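Structure below is input21.txt: compact mmCIF, C-alpha atoms.
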```txt
# COMPACT_ATOMS: atom_id res chain seq x y z
CA MET Q 1 -17.08 20.52 13.91
CA GLU Q 2 -13.80 19.12 15.07
CA VAL Q 3 -11.52 20.82 17.51
CA ILE Q 4 -7.88 19.86 17.77
CA TYR Q 5 -6.33 20.92 21.01
CA ALA Q 6 -2.74 21.74 20.23
CA GLY Q 7 -1.66 22.25 23.81
CA LEU Q 8 0.05 24.92 25.84
CA ARG Q 9 3.15 26.97 25.11
CA GLN Q 10 3.38 26.28 21.39
CA THR Q 11 5.63 28.42 19.25
CA PRO Q 12 4.09 30.20 16.23
CA GLU Q 13 6.05 27.76 14.04
CA GLU Q 14 4.55 24.75 15.80
CA ILE Q 15 1.07 26.23 15.64
CA VAL Q 16 1.22 26.91 11.93
CA GLU Q 17 2.77 23.53 11.21
CA SER Q 18 0.02 21.73 13.12
CA ALA Q 19 -2.66 23.79 11.41
CA LEU Q 20 -1.26 22.95 7.98
CA GLU Q 21 -0.91 19.24 8.70
CA GLU Q 22 -4.43 19.09 10.06
CA ASP Q 23 -5.75 21.21 7.19
CA VAL Q 24 -7.86 23.36 9.50
CA ASN Q 25 -10.23 26.18 8.59
CA LEU Q 26 -9.56 28.25 11.66
CA ILE Q 27 -6.85 28.78 14.27
CA GLY Q 28 -7.78 29.93 17.75
CA LEU Q 29 -4.99 31.51 19.79
CA SER Q 30 -5.18 31.97 23.51
CA ILE Q 31 -2.69 34.12 25.34
CA LEU Q 32 -2.38 35.58 28.80
CA SER Q 33 1.30 36.39 28.91
CA GLY Q 34 1.14 39.77 27.18
CA ALA Q 35 3.33 38.65 24.29
CA HIS Q 36 0.44 38.87 21.82
CA MET Q 37 1.92 41.79 19.88
CA ALA Q 38 4.98 39.68 19.17
CA LEU Q 39 3.46 36.24 18.67
CA PHE Q 40 0.18 36.89 16.82
CA PRO Q 41 1.76 38.82 13.93
CA ARG Q 42 4.34 36.03 13.68
CA VAL Q 43 1.56 33.46 13.20
CA LEU Q 44 -0.04 35.63 10.52
CA ALA Q 45 3.31 36.15 8.80
CA LEU Q 46 4.03 32.41 8.78
CA LEU Q 47 0.62 31.68 7.28
CA LYS Q 48 1.33 34.21 4.58
CA GLN Q 49 4.77 32.77 3.97
CA LYS Q 50 3.25 29.29 3.59
CA ARG Q 51 0.57 30.69 1.28
CA ALA Q 52 -2.08 29.54 3.70
CA THR Q 53 -3.97 32.76 4.36
CA ARG Q 54 -7.18 30.78 3.71
CA ILE Q 55 -6.75 29.70 7.31
CA ARG Q 56 -8.32 32.38 9.48
CA VAL Q 57 -7.12 33.31 12.93
CA PHE Q 58 -9.06 34.46 15.97
CA ALA Q 59 -7.89 34.95 19.51
CA GLY Q 60 -8.70 35.37 23.14
CA GLY Q 61 -6.91 36.41 26.29
CA ILE Q 62 -5.86 39.48 28.20
CA ILE Q 63 -5.48 41.93 25.35
CA PRO Q 64 -5.84 45.70 25.77
CA ASP Q 65 -8.36 47.36 23.43
CA GLU Q 66 -5.67 49.39 21.76
CA ASP Q 67 -3.68 46.25 20.89
CA ALA Q 68 -6.84 44.46 19.81
CA LYS Q 69 -7.52 47.20 17.31
CA LYS Q 70 -4.03 46.90 15.84
CA LEU Q 71 -4.20 43.10 15.73
CA LYS Q 72 -7.53 43.18 13.93
CA LYS Q 73 -6.04 45.51 11.37
CA MET Q 74 -3.24 43.01 10.86
CA GLY Q 75 -5.74 40.27 10.16
CA ILE Q 76 -6.82 38.64 13.42
CA ARG Q 77 -10.53 38.14 12.70
CA ALA Q 78 -11.93 38.35 16.20
CA ILE Q 79 -10.62 38.86 19.72
CA PHE Q 80 -12.36 37.87 22.93
CA GLY Q 81 -11.57 39.18 26.37
CA PRO Q 82 -12.31 37.71 29.78
CA GLY Q 83 -16.03 37.26 30.30
CA ALA Q 84 -16.83 36.60 26.66
CA SER Q 85 -19.73 34.18 26.48
CA LEU Q 86 -19.16 30.72 25.11
CA ASP Q 87 -22.13 31.23 22.78
CA GLU Q 88 -20.59 34.33 21.29
CA ILE Q 89 -17.30 32.50 20.73
CA VAL Q 90 -18.97 29.46 19.15
CA VAL Q 91 -21.07 31.60 16.81
CA THR Q 92 -18.00 33.56 15.72
CA ALA Q 93 -15.95 30.39 15.23
CA ARG Q 94 -18.69 28.87 13.12
CA LYS Q 95 -18.95 31.96 10.99
CA LEU Q 96 -15.20 32.23 10.52
CA ALA Q 97 -14.76 28.54 9.76
CA GLY Q 98 -17.05 28.91 6.78
CA PRO Q 99 -19.40 26.34 5.32
CA THR Q 100 -19.01 22.82 6.68
CA ARG Q 101 -16.82 20.63 4.58
CA SER Q 102 -18.48 17.31 5.05
CA MET K 1 1.09 -5.31 -28.72
CA SER K 2 2.43 -2.04 -27.41
CA ARG K 3 1.99 -1.00 -23.83
CA ARG K 4 -0.26 1.94 -23.34
CA PRO K 5 1.61 4.90 -21.88
CA ALA K 6 0.68 5.58 -18.27
CA PRO K 7 -1.92 8.36 -17.98
CA PRO K 8 -0.55 11.64 -16.61
CA LEU K 9 -0.67 11.97 -12.83
CA PRO K 10 -3.33 14.27 -11.38
CA VAL K 11 -1.83 17.53 -10.14
CA ALA K 12 -2.41 16.75 -6.47
CA ALA K 13 -0.75 13.35 -6.78
CA ARG K 14 2.26 14.91 -8.46
CA ARG K 15 2.54 17.48 -5.71
CA VAL K 16 2.38 14.81 -2.99
CA LEU K 17 5.18 12.88 -4.70
CA ARG K 18 7.20 16.10 -4.81
CA GLY K 19 6.76 16.47 -1.05
CA ASP K 20 4.06 19.15 -0.90
CA ARG K 21 2.75 18.86 2.66
CA GLN K 22 -0.28 21.12 2.21
CA THR K 23 -1.56 19.13 -0.73
CA LEU K 24 -1.09 15.97 1.31
CA ALA K 25 -3.05 17.54 4.17
CA ARG K 26 -5.85 18.58 1.82
CA LEU K 27 -6.05 15.12 0.25
CA ILE K 28 -6.32 13.55 3.69
CA THR K 29 -9.21 15.87 4.51
CA GLN K 30 -10.97 14.81 1.32
CA VAL K 31 -10.34 11.15 2.09
CA GLU K 32 -11.78 11.67 5.57
CA ASN K 33 -14.86 13.30 4.13
CA ARG K 34 -15.13 10.55 1.54
CA ASP K 35 -14.97 13.25 -1.10
CA PRO K 36 -14.88 11.71 -4.58
CA ALA K 37 -12.65 14.60 -5.70
CA ALA K 38 -9.73 12.82 -4.00
CA LEU K 39 -10.21 9.60 -5.93
CA PRO K 40 -8.08 10.30 -9.03
CA SER K 41 -5.09 11.22 -6.87
CA VAL K 42 -5.65 8.46 -4.32
CA ARG K 43 -5.76 5.95 -7.13
CA ALA K 44 -2.76 7.41 -8.92
CA LEU K 45 -0.73 7.26 -5.71
CA TYR K 46 -1.57 3.61 -4.97
CA PRO K 47 1.35 2.21 -7.02
CA HIS K 48 3.69 4.49 -5.04
CA SER K 49 2.66 3.00 -1.72
CA GLY K 50 3.56 -0.28 -0.07
CA ARG K 51 7.03 0.58 1.17
CA ALA K 52 6.34 1.94 4.65
CA THR K 53 6.36 -0.09 7.84
CA VAL K 54 2.93 0.47 9.38
CA VAL K 55 2.71 -0.05 13.12
CA GLY K 56 -0.46 0.17 15.20
CA VAL K 57 -0.25 1.39 18.78
CA THR K 58 -3.39 0.68 20.68
CA GLY K 59 -4.61 0.27 24.23
CA PRO K 60 -7.04 1.74 26.74
CA LEU K 61 -7.11 5.44 27.63
CA GLY K 62 -4.49 6.57 30.09
CA VAL K 63 -1.87 3.90 29.51
CA GLY K 64 0.57 6.43 28.07
CA LYS K 65 0.31 5.71 24.36
CA SER K 66 1.05 9.29 23.38
CA SER K 67 4.13 9.56 25.59
CA LEU K 68 5.31 6.29 24.15
CA LEU K 69 4.75 7.59 20.63
CA ASN K 70 6.82 10.67 21.46
CA LEU K 71 9.73 8.47 22.49
CA LEU K 72 9.36 6.16 19.50
CA LEU K 73 9.23 9.18 17.22
CA ALA K 74 12.39 10.62 18.76
CA GLN K 75 14.24 7.34 18.38
CA LEU K 76 13.13 6.86 14.77
CA ARG K 77 14.15 10.42 13.91
CA VAL K 78 17.62 9.76 15.33
CA GLN K 79 17.74 6.82 12.91
CA ARG K 80 16.75 9.29 10.18
CA LYS K 81 13.53 7.48 9.46
CA ARG K 82 10.75 9.65 8.07
CA VAL K 83 7.72 9.14 10.27
CA GLY K 84 4.01 9.66 9.75
CA ILE K 85 1.66 9.52 12.70
CA VAL K 86 -2.10 9.04 12.46
CA ALA K 87 -3.88 9.54 15.78
CA VAL K 88 -7.39 8.18 15.62
CA ASP K 89 -9.88 9.47 18.15
CA PRO K 90 -13.44 8.33 18.55
CA SER K 91 -16.07 10.91 17.58
CA SER K 92 -18.75 11.76 20.03
CA PRO K 93 -21.76 9.66 19.05
CA PHE K 94 -23.98 12.51 20.21
CA SER K 95 -22.66 15.58 18.45
CA GLY K 96 -20.83 13.91 15.60
CA GLY K 97 -18.01 16.28 16.42
CA SER K 98 -14.82 15.47 18.11
CA ILE K 99 -12.19 16.97 20.30
CA LEU K 100 -8.93 15.54 19.19
CA GLY K 101 -6.59 15.97 22.06
CA ASP K 102 -3.67 13.98 20.85
CA ARG K 103 -1.71 16.91 19.53
CA ILE K 104 -1.10 18.15 22.98
CA ARG K 105 1.22 15.31 23.81
CA LEU K 106 2.94 14.77 20.54
CA GLU K 107 6.05 16.89 20.49
CA ARG K 108 8.81 17.31 18.01
CA PRO K 109 11.13 19.98 16.77
CA ALA K 110 9.28 22.48 14.59
CA GLY K 111 10.36 22.56 10.99
CA ASP K 112 11.16 18.84 10.92
CA ASP K 113 10.06 17.83 7.44
CA GLY K 114 10.59 14.18 8.26
CA VAL K 115 7.48 14.09 10.42
CA PHE K 116 3.81 14.46 9.53
CA ILE K 117 1.23 14.15 12.28
CA ARG K 118 -2.45 13.95 11.57
CA SER K 119 -5.38 13.41 13.91
CA MET K 120 -8.51 11.72 12.68
CA ALA K 121 -11.95 11.26 14.10
CA ALA K 122 -13.49 7.82 13.86
CA ARG K 123 -16.66 9.34 12.43
CA GLY K 124 -19.73 7.26 12.07
CA HIS K 125 -18.78 5.76 8.74
CA ALA K 126 -19.46 2.07 8.49
CA GLY K 127 -16.22 0.24 8.88
CA GLY K 128 -15.17 2.76 11.50
CA VAL K 129 -11.67 3.99 11.01
CA ALA K 130 -10.85 1.35 8.49
CA LEU K 131 -11.37 3.00 5.11
CA ALA K 132 -10.29 6.57 5.81
CA THR K 133 -7.37 5.52 8.00
CA ARG K 134 -6.15 3.01 5.47
CA GLU K 135 -6.19 5.57 2.72
CA THR K 136 -4.50 8.16 4.91
CA VAL K 137 -1.76 5.68 5.78
CA ARG K 138 -1.32 4.92 2.11
CA LEU K 139 -1.04 8.62 1.26
CA LEU K 140 1.66 9.05 3.91
CA ASP K 141 3.36 5.97 2.49
CA ALA K 142 3.33 7.40 -1.04
CA PHE K 143 4.53 10.72 0.42
CA GLY K 144 7.68 8.84 1.38
CA MET K 145 7.32 8.08 5.07
CA ASP K 146 9.42 5.08 6.15
CA VAL K 147 7.41 4.33 9.25
CA ILE K 148 3.77 5.12 9.92
CA LEU K 149 2.47 4.87 13.46
CA VAL K 150 -1.28 4.58 13.89
CA GLU K 151 -2.56 5.32 17.38
CA THR K 152 -6.02 4.18 18.45
CA VAL K 153 -7.88 4.11 21.73
CA GLY K 154 -8.59 0.61 22.85
CA SER K 155 -12.29 0.82 23.39
CA GLY K 156 -14.05 -1.56 21.13
CA GLN K 157 -14.74 -2.30 17.52
CA ALA K 158 -12.64 0.42 15.97
CA ASP K 159 -9.47 -0.94 17.53
CA VAL K 160 -9.76 -4.43 16.32
CA GLU K 161 -9.56 -2.87 12.89
CA ILE K 162 -6.05 -1.65 13.56
CA HIS K 163 -5.10 -5.11 12.46
CA ASP K 164 -6.49 -4.25 9.03
CA VAL K 165 -4.21 -1.25 8.74
CA ALA K 166 -0.96 -2.14 10.49
CA SER K 167 1.40 -5.01 9.81
CA THR K 168 2.54 -4.98 13.43
CA SER K 169 0.24 -4.08 16.30
CA ILE K 170 1.53 -3.00 19.67
CA VAL K 171 -0.97 -3.33 22.51
CA VAL K 172 -0.12 -1.09 25.44
CA VAL K 173 -1.23 -2.00 28.96
CA VAL K 174 -0.29 -0.80 32.43
CA PRO K 175 0.51 -2.99 35.41
CA HIS K 176 -2.30 -2.04 37.69
CA LEU K 177 -5.71 -3.06 38.87
CA GLY K 178 -5.92 -5.97 36.48
CA ASP K 179 -5.92 -3.67 33.49
CA GLU K 180 -4.14 -6.32 31.51
CA VAL K 181 -7.13 -8.59 32.04
CA GLN K 182 -9.51 -5.82 30.93
CA SER K 183 -7.53 -5.46 27.74
CA LEU K 184 -7.92 -9.11 27.00
CA LYS K 185 -11.66 -8.79 27.44
CA ALA K 186 -11.72 -5.90 25.02
CA GLY K 187 -10.43 -8.26 22.37
CA LEU K 188 -7.01 -6.70 22.31
CA PHE K 189 -5.22 -9.92 23.08
CA GLU K 190 -5.92 -11.35 19.65
CA ILE K 191 -4.53 -8.39 17.78
CA ALA K 192 -1.27 -7.97 19.70
CA ASP K 193 1.96 -8.81 17.93
CA VAL K 194 3.85 -7.05 20.68
CA PHE K 195 2.67 -6.35 24.20
CA CYS K 196 4.00 -3.25 25.83
CA VAL K 197 3.72 -3.11 29.61
CA ASN K 198 4.11 0.62 30.04
CA LYS K 199 4.80 2.47 33.28
CA SER K 200 7.12 -0.35 34.23
CA ASP K 201 8.26 1.75 37.18
CA LEU K 202 4.95 0.97 38.85
CA PRO K 203 4.71 -1.99 41.19
CA GLY K 204 3.35 -5.10 39.55
CA ALA K 205 4.99 -4.50 36.17
CA GLU K 206 7.12 -7.58 36.48
CA SER K 207 4.22 -9.87 37.29
CA ALA K 208 1.97 -8.33 34.63
CA ALA K 209 4.65 -8.95 32.03
CA ARG K 210 5.14 -12.52 33.23
CA TYR K 211 1.40 -13.12 33.19
CA LEU K 212 1.07 -11.87 29.61
CA SER K 213 4.07 -13.88 28.57
CA GLU K 214 2.56 -17.06 29.98
CA LEU K 215 -0.73 -16.33 28.26
CA THR K 216 0.92 -15.85 24.88
CA GLN K 217 2.61 -19.21 25.37
CA LEU K 218 -0.72 -20.85 26.02
CA VAL K 219 -2.47 -19.51 22.95
CA SER K 220 0.29 -19.45 20.34
CA SER K 221 0.97 -22.53 18.30
CA LYS K 222 4.53 -23.65 17.72
CA GLU K 223 4.97 -22.25 14.21
CA ALA K 224 2.99 -19.08 14.73
CA TRP K 225 4.36 -15.80 15.97
CA ARG K 226 4.40 -15.63 19.72
CA PRO K 227 3.75 -12.06 20.85
CA LEU K 228 6.72 -10.49 22.59
CA VAL K 229 6.20 -8.74 25.90
CA ILE K 230 8.28 -5.60 26.45
CA GLN K 231 8.36 -3.42 29.54
CA THR K 232 8.68 0.30 28.98
CA SER K 233 8.67 3.47 30.99
CA THR K 234 8.21 6.99 29.70
CA THR K 235 8.90 8.93 32.91
CA VAL K 236 12.46 7.69 33.05
CA PRO K 237 12.63 6.56 29.43
CA SER K 238 13.45 2.89 29.17
CA GLY K 239 12.55 -0.06 27.02
CA VAL K 240 11.77 1.94 23.88
CA PRO K 241 14.68 0.60 21.81
CA GLU K 242 13.67 -2.92 22.88
CA LEU K 243 10.08 -2.15 21.88
CA TRP K 244 11.17 -1.11 18.40
CA ASP K 245 13.41 -4.17 18.15
CA ALA K 246 10.36 -6.31 18.92
CA VAL K 247 8.45 -4.58 16.12
CA LEU K 248 11.31 -5.27 13.72
CA ALA K 249 11.48 -8.88 14.88
CA HIS K 250 7.81 -9.31 14.05
CA GLU K 251 8.26 -7.62 10.68
CA ALA K 252 11.15 -9.99 9.91
CA PHE K 253 9.00 -12.94 10.95
CA LEU K 254 6.24 -11.83 8.57
CA ASP K 255 8.72 -11.87 5.72
CA ALA K 256 10.42 -15.09 6.72
CA ASP K 257 7.37 -17.31 7.01
CA GLY K 258 5.48 -15.72 4.14
CA SER K 259 2.60 -14.57 6.29
CA ARG K 260 3.03 -10.97 5.16
CA ARG K 261 1.69 -11.90 1.75
CA VAL K 262 -1.22 -13.80 3.25
CA ARG K 263 -2.09 -10.96 5.63
CA ASP K 264 -1.77 -8.34 2.90
CA ARG K 265 -4.19 -10.28 0.74
CA GLN K 266 -6.65 -10.62 3.61
CA ARG K 267 -6.43 -6.90 4.29
CA LEU K 268 -6.94 -5.97 0.68
CA THR K 269 -9.89 -8.33 0.43
CA LYS K 270 -11.49 -6.59 3.39
CA GLU K 271 -10.72 -3.20 1.94
CA ILE K 272 -12.21 -4.04 -1.44
CA LEU K 273 -15.32 -5.45 0.20
CA GLY K 274 -15.50 -2.29 2.30
CA LEU K 275 -15.40 -0.17 -0.84
CA VAL K 276 -18.10 -2.29 -2.46
CA ARG K 277 -20.24 -1.89 0.63
CA GLU K 278 -19.67 1.85 0.64
CA ARG K 279 -20.85 2.04 -2.95
CA VAL K 280 -23.85 -0.20 -2.39
CA ASP K 281 -24.82 1.98 0.57
CA ALA K 282 -24.56 5.08 -1.57
CA ARG K 283 -26.69 3.49 -4.25
CA LEU K 284 -29.22 2.41 -1.67
CA ALA K 285 -29.42 5.99 -0.48
CA THR K 286 -30.17 7.20 -4.02
CA ALA K 287 -32.62 4.37 -4.54
CA LEU K 288 -34.43 5.47 -1.40
CA GLU K 289 -34.60 8.99 -2.73
CA ARG K 290 -35.91 7.70 -6.03
CA GLU K 291 -38.54 5.49 -4.45
CA PRO K 292 -41.34 8.01 -4.09
CA ASP K 293 -43.60 5.40 -2.65
CA LEU K 294 -41.31 4.57 0.24
CA GLN K 295 -43.87 5.82 2.71
CA ALA K 296 -46.60 3.98 0.84
CA LEU K 297 -44.43 0.89 0.81
CA LEU K 298 -43.95 1.25 4.54
CA ASP K 299 -47.69 1.70 5.03
CA ARG K 300 -48.31 -1.56 3.28
CA VAL K 301 -45.75 -3.33 5.46
CA VAL K 302 -47.31 -1.83 8.56
CA ALA K 303 -50.75 -2.90 7.37
CA ARG K 304 -49.43 -6.43 6.82
CA GLN K 305 -50.32 -6.28 3.14
CA ILE K 306 -46.76 -7.13 2.18
CA ASP K 307 -43.91 -8.36 4.35
CA PRO K 308 -40.55 -6.65 5.00
CA TYR K 309 -38.81 -9.12 2.68
CA MET K 310 -40.91 -8.07 -0.25
CA ALA K 311 -40.26 -4.41 0.56
CA ALA K 312 -36.55 -5.19 0.66
CA ASP K 313 -36.81 -6.91 -2.75
CA ARG K 314 -38.44 -3.80 -4.16
CA LEU K 315 -35.65 -1.59 -2.88
CA LEU K 316 -33.02 -3.99 -4.10
CA ALA K 317 -34.52 -3.83 -7.57
CA GLU K 318 -34.12 -0.04 -7.39
CA VAL K 319 -30.48 -0.40 -6.32
CA ARG K 320 -29.80 -2.70 -9.25
CA ARG K 321 -31.20 -0.18 -11.70
CA GLU K 322 -28.37 1.70 -13.31
CA ARG K 323 -28.23 5.35 -12.46
```

Structure rendered as structure tokens:
Amino acid sequence: MEVIYAGLRQTPEEIVESALEEDVNLIGLSILSGAHMALFPRVLALLKQKRATRIRVFAGGIIPDEDAKKLKKMGIRAIFGPGASLDEIVVTARKLAGPTRS
Amino acid sequence: MSRRPAPPLPVAARRVLRGDRQTLARLITQVENRDPAALPSVRALYPHSGRATVVGVTGPLGVGKSSLLNLLLAQLRVQRKRVGIVAVDPSSPFSGGSILGDRIRLERPAGDDGVFIRSMAARGHAGGVALATRETVRLLDAFGMDVILVETVGSGQADVEIHDVASTSIVVVVPHLGDEVQSLKAGLFEIADVFCVNKSDLPGAESAARYLSELTQLVSSKEAWRPLVIQTSTTVPSGVPELWDAVLAHEAFLDADGSRRVRDRQRLTKEILGLVRERVDARLATALEREPDLQALLDRVVARQIDPYMAADRLLAEVRRER
């Protein structure tokens, strides 16, 4: 598995562009600012617009349950809150990334 | 005798030539994975490559290569050059995986179609970065990039190979704690066409630059290219235009004295030999699978009934057998 750390404070446009250039299987979004209801759907919309919905998205951060439910309906595959175990996250990421390519 | 019409381009190759970034990204992934599915397109795109200026940027961790790349990228974009960046990171020898951190420091305006940035792991393939990186660079070249910057970490074998990819290599050092000397030990001195003494705002920059300059004088013959030494800073940006001028000066030198042709031929020779080796290795792997008596063969070597050379001959005979 390869992880590309895209850095802090990226716009949805930058995130999607990086993901496309790197031809990733999975995007992980981390957010603490509370802007998830604005930014996450934007990432999903951009992926759709670029016909790249094969790339799955999962997320983590401070996200109220109610929002998490809505986001999952929109297409965010998994959402982790504070205290999620690393194991749980890795297992989910593996599953979402699909079969290894190499 | 009539010329045969050129065979139609594979779909992916056609898309890359039309500027389809996602197809380019997918092809690079296949090239990285040494997926034979990429071959028809990679081969079809070969005639469309050879126009880009390929520049290697290498040096130890922490010398500010990524910041420097950001500034170079910005300057080249102002000049309306289309720029591809390949950031090569060493894979962990333990997990085989890699955390490619370079993206964090490479910034640019989103939606800029004139830039394509790709990180690569120097996976365990024999020849290190050489084969996959070379092919990636060539794909970016065929895609229409004017300049391709290849960033590598200066930590051993993989970096010396930058010379096999780039026509001009910049070696980045910092003026501190004798780092410049460490770089020379790492074999970076030989590959430098341009030395960049980064963080020139630090004390000792002047003397480090002078030291390198004197060294280049000692080792370079009269007719050969003498590596230029440029001081740069990325905190208060300075020296970047001069750095690019030095690259262009070296490129002009390569054309003027005909060494570009010589170096290109050397590079291609190495590449072709690398491909042959890759294929022989693959065949050896199948031969090993086919040799049901490998364990028995080993037993006999262990028991001193035959020697390792004879065992090798047996395997070689298997490799020679057509599939």

Excluding Lys73 of chain Q and any residue of its chain fewer than 5 positions from it, enumerate the residues within 12 Å of it, using only C-alpha atoms, and give them as a PDB file with C-alpha atoms, in the coordinates of the input.
```pdb
ATOM      1  CA  PHE Q  40       0.180  36.890  16.820  1.00  0.00           C
ATOM      2  CA  PRO Q  41       1.760  38.820  13.930  1.00  0.00           C
ATOM      3  CA  LEU Q  44      -0.040  35.630  10.520  1.00  0.00           C
ATOM      4  CA  GLU Q  66      -5.670  49.390  21.760  1.00  0.00           C
ATOM      5  CA  ASP Q  67      -3.680  46.250  20.890  1.00  0.00           C
ATOM      6  CA  ALA Q  68      -6.840  44.460  19.810  1.00  0.00           C
ATOM      7  CA  ALA Q  78     -11.930  38.350  16.200  1.00  0.00           C
ATOM      8  CA  ILE Q  79     -10.620  38.860  19.720  1.00  0.00           C
TER       9      ILE Q  79
END
```

Could you produce a table of the residues of chain Q lying within 12 Å of chain K, with the nearest pair of atoms per residue and their separation in Å rounded to one decimal, using all atoms listed in the file, ordered by chain and increasing residue number, as a Markdown table?
```
| residue | atom | partner | partner_atom | distance |
| --- | --- | --- | --- | --- |
| Q:Met1 | CA | K:Gly97 | CA | 5.0 |
| Q:Glu2 | CA | K:Ser98 | CA | 4.9 |
| Q:Val3 | CA | K:Ile99 | CA | 4.8 |
| Q:Ile4 | CA | K:Leu100 | CA | 4.7 |
| Q:Tyr5 | CA | K:Gly101 | CA | 5.1 |
| Q:Ala6 | CA | K:Ile104 | CA | 4.8 |
| Q:Gly7 | CA | K:Ile104 | CA | 4.2 |
| Q:Leu8 | CA | K:Ile104 | CA | 7.4 |
| Q:Arg9 | CA | K:Ile104 | CA | 10.0 |
| Q:Gln10 | CA | K:Ile104 | CA | 9.4 |
| Q:Thr11 | CA | K:Ala110 | CA | 8.4 |
| Q:Pro12 | CA | K:Ala110 | CA | 9.4 |
| Q:Glu13 | CA | K:Ala110 | CA | 6.2 |
| Q:Glu14 | CA | K:Ala110 | CA | 5.4 |
| Q:Ile15 | CA | K:Ala110 | CA | 9.1 |
| Q:Val16 | CA | K:Ala110 | CA | 9.6 |
| Q:Glu17 | CA | K:Ala110 | CA | 7.4 |
| Q:Ser18 | CA | K:Ile117 | CA | 7.7 |
| Q:Ala19 | CA | K:Ala25 | CA | 9.6 |
| Q:Leu20 | CA | K:Gln22 | CA | 6.1 |
| Q:Glu21 | CA | K:Ala25 | CA | 5.3 |
| Q:Glu22 | CA | K:Arg118 | CA | 5.7 |
| Q:Asp23 | CA | K:Ala25 | CA | 5.5 |
| Q:Val24 | CA | K:Thr29 | CA | 9.1 |
| Q:Asn25 | CA | K:Arg26 | CA | 11.1 |
| Q:Leu46 | CA | K:Gly111 | CA | 11.9 |
| Q:Leu47 | CA | K:Gln22 | CA | 11.7 |
| Q:Lys50 | CA | K:Gln22 | CA | 9.0 |
| Q:Arg51 | CA | K:Gln22 | CA | 9.7 |
| Q:Ala52 | CA | K:Gln22 | CA | 8.7 |
| Q:Arg54 | CA | K:Gln22 | CA | 12.0 |
| Q:Ile55 | CA | K:Gln22 | CA | 11.9 |
| Q:Thr100 | CA | K:Asn33 | CA | 10.7 |
| Q:Arg101 | CA | K:Asn33 | CA | 7.6 |
| Q:Ser102 | CA | K:Asn33 | CA | 5.5 |
```

Those residues with C-alpha atoms, as a PDB file, in the coordinates of the input please?
```pdb
ATOM      1  CA  MET Q   1     -17.080  20.520  13.910  1.00  0.00           C
ATOM      2  CA  GLU Q   2     -13.800  19.120  15.070  1.00  0.00           C
ATOM      3  CA  VAL Q   3     -11.520  20.820  17.510  1.00  0.00           C
ATOM      4  CA  ILE Q   4      -7.880  19.860  17.770  1.00  0.00           C
ATOM      5  CA  TYR Q   5      -6.330  20.920  21.010  1.00  0.00           C
ATOM      6  CA  ALA Q   6      -2.740  21.740  20.230  1.00  0.00           C
ATOM      7  CA  GLY Q   7      -1.660  22.250  23.810  1.00  0.00           C
ATOM      8  CA  LEU Q   8       0.050  24.920  25.840  1.00  0.00           C
ATOM      9  CA  ARG Q   9       3.150  26.970  25.110  1.00  0.00           C
ATOM     10  CA  GLN Q  10       3.380  26.280  21.390  1.00  0.00           C
ATOM     11  CA  THR Q  11       5.630  28.420  19.250  1.00  0.00           C
ATOM     12  CA  PRO Q  12       4.090  30.200  16.230  1.00  0.00           C
ATOM     13  CA  GLU Q  13       6.050  27.760  14.040  1.00  0.00           C
ATOM     14  CA  GLU Q  14       4.550  24.750  15.800  1.00  0.00           C
ATOM     15  CA  ILE Q  15       1.070  26.230  15.640  1.00  0.00           C
ATOM     16  CA  VAL Q  16       1.220  26.910  11.930  1.00  0.00           C
ATOM     17  CA  GLU Q  17       2.770  23.530  11.210  1.00  0.00           C
ATOM     18  CA  SER Q  18       0.020  21.730  13.120  1.00  0.00           C
ATOM     19  CA  ALA Q  19      -2.660  23.790  11.410  1.00  0.00           C
ATOM     20  CA  LEU Q  20      -1.260  22.950   7.980  1.00  0.00           C
ATOM     21  CA  GLU Q  21      -0.910  19.240   8.700  1.00  0.00           C
ATOM     22  CA  GLU Q  22      -4.430  19.090  10.060  1.00  0.00           C
ATOM     23  CA  ASP Q  23      -5.750  21.210   7.190  1.00  0.00           C
ATOM     24  CA  VAL Q  24      -7.860  23.360   9.500  1.00  0.00           C
ATOM     25  CA  ASN Q  25     -10.230  26.180   8.590  1.00  0.00           C
ATOM     26  CA  LEU Q  46       4.030  32.410   8.780  1.00  0.00           C
ATOM     27  CA  LEU Q  47       0.620  31.680   7.280  1.00  0.00           C
ATOM     28  CA  LYS Q  50       3.250  29.290   3.590  1.00  0.00           C
ATOM     29  CA  ARG Q  51       0.570  30.690   1.280  1.00  0.00           C
ATOM     30  CA  ALA Q  52      -2.080  29.540   3.700  1.00  0.00           C
ATOM     31  CA  ARG Q  54      -7.180  30.780   3.710  1.00  0.00           C
ATOM     32  CA  ILE Q  55      -6.750  29.700   7.310  1.00  0.00           C
ATOM     33  CA  THR Q 100     -19.010  22.820   6.680  1.00  0.00           C
ATOM     34  CA  ARG Q 101     -16.820  20.630   4.580  1.00  0.00           C
ATOM     35  CA  SER Q 102     -18.480  17.310   5.050  1.00  0.00           C
TER      36      SER Q 102
END
```

In the coordinate frame of the file, compute which residues have an atom within 8 Å of (-12.9, 33.7, 27.0) when using all atoms listed in the file, and state them as a PDB file with C-alpha atoms, keeping the file's coordinate frame.
```pdb
ATOM      1  CA  GLY Q  60      -8.700  35.370  23.140  1.00  0.00           C
ATOM      2  CA  GLY Q  61      -6.910  36.410  26.290  1.00  0.00           C
ATOM      3  CA  PHE Q  80     -12.360  37.870  22.930  1.00  0.00           C
ATOM      4  CA  GLY Q  81     -11.570  39.180  26.370  1.00  0.00           C
ATOM      5  CA  PRO Q  82     -12.310  37.710  29.780  1.00  0.00           C
ATOM      6  CA  GLY Q  83     -16.030  37.260  30.300  1.00  0.00           C
ATOM      7  CA  ALA Q  84     -16.830  36.600  26.660  1.00  0.00           C
ATOM      8  CA  SER Q  85     -19.730  34.180  26.480  1.00  0.00           C
ATOM      9  CA  LEU Q  86     -19.160  30.720  25.110  1.00  0.00           C
ATOM     10  CA  ILE Q  89     -17.300  32.500  20.730  1.00  0.00           C
TER      11      ILE Q  89
END
```
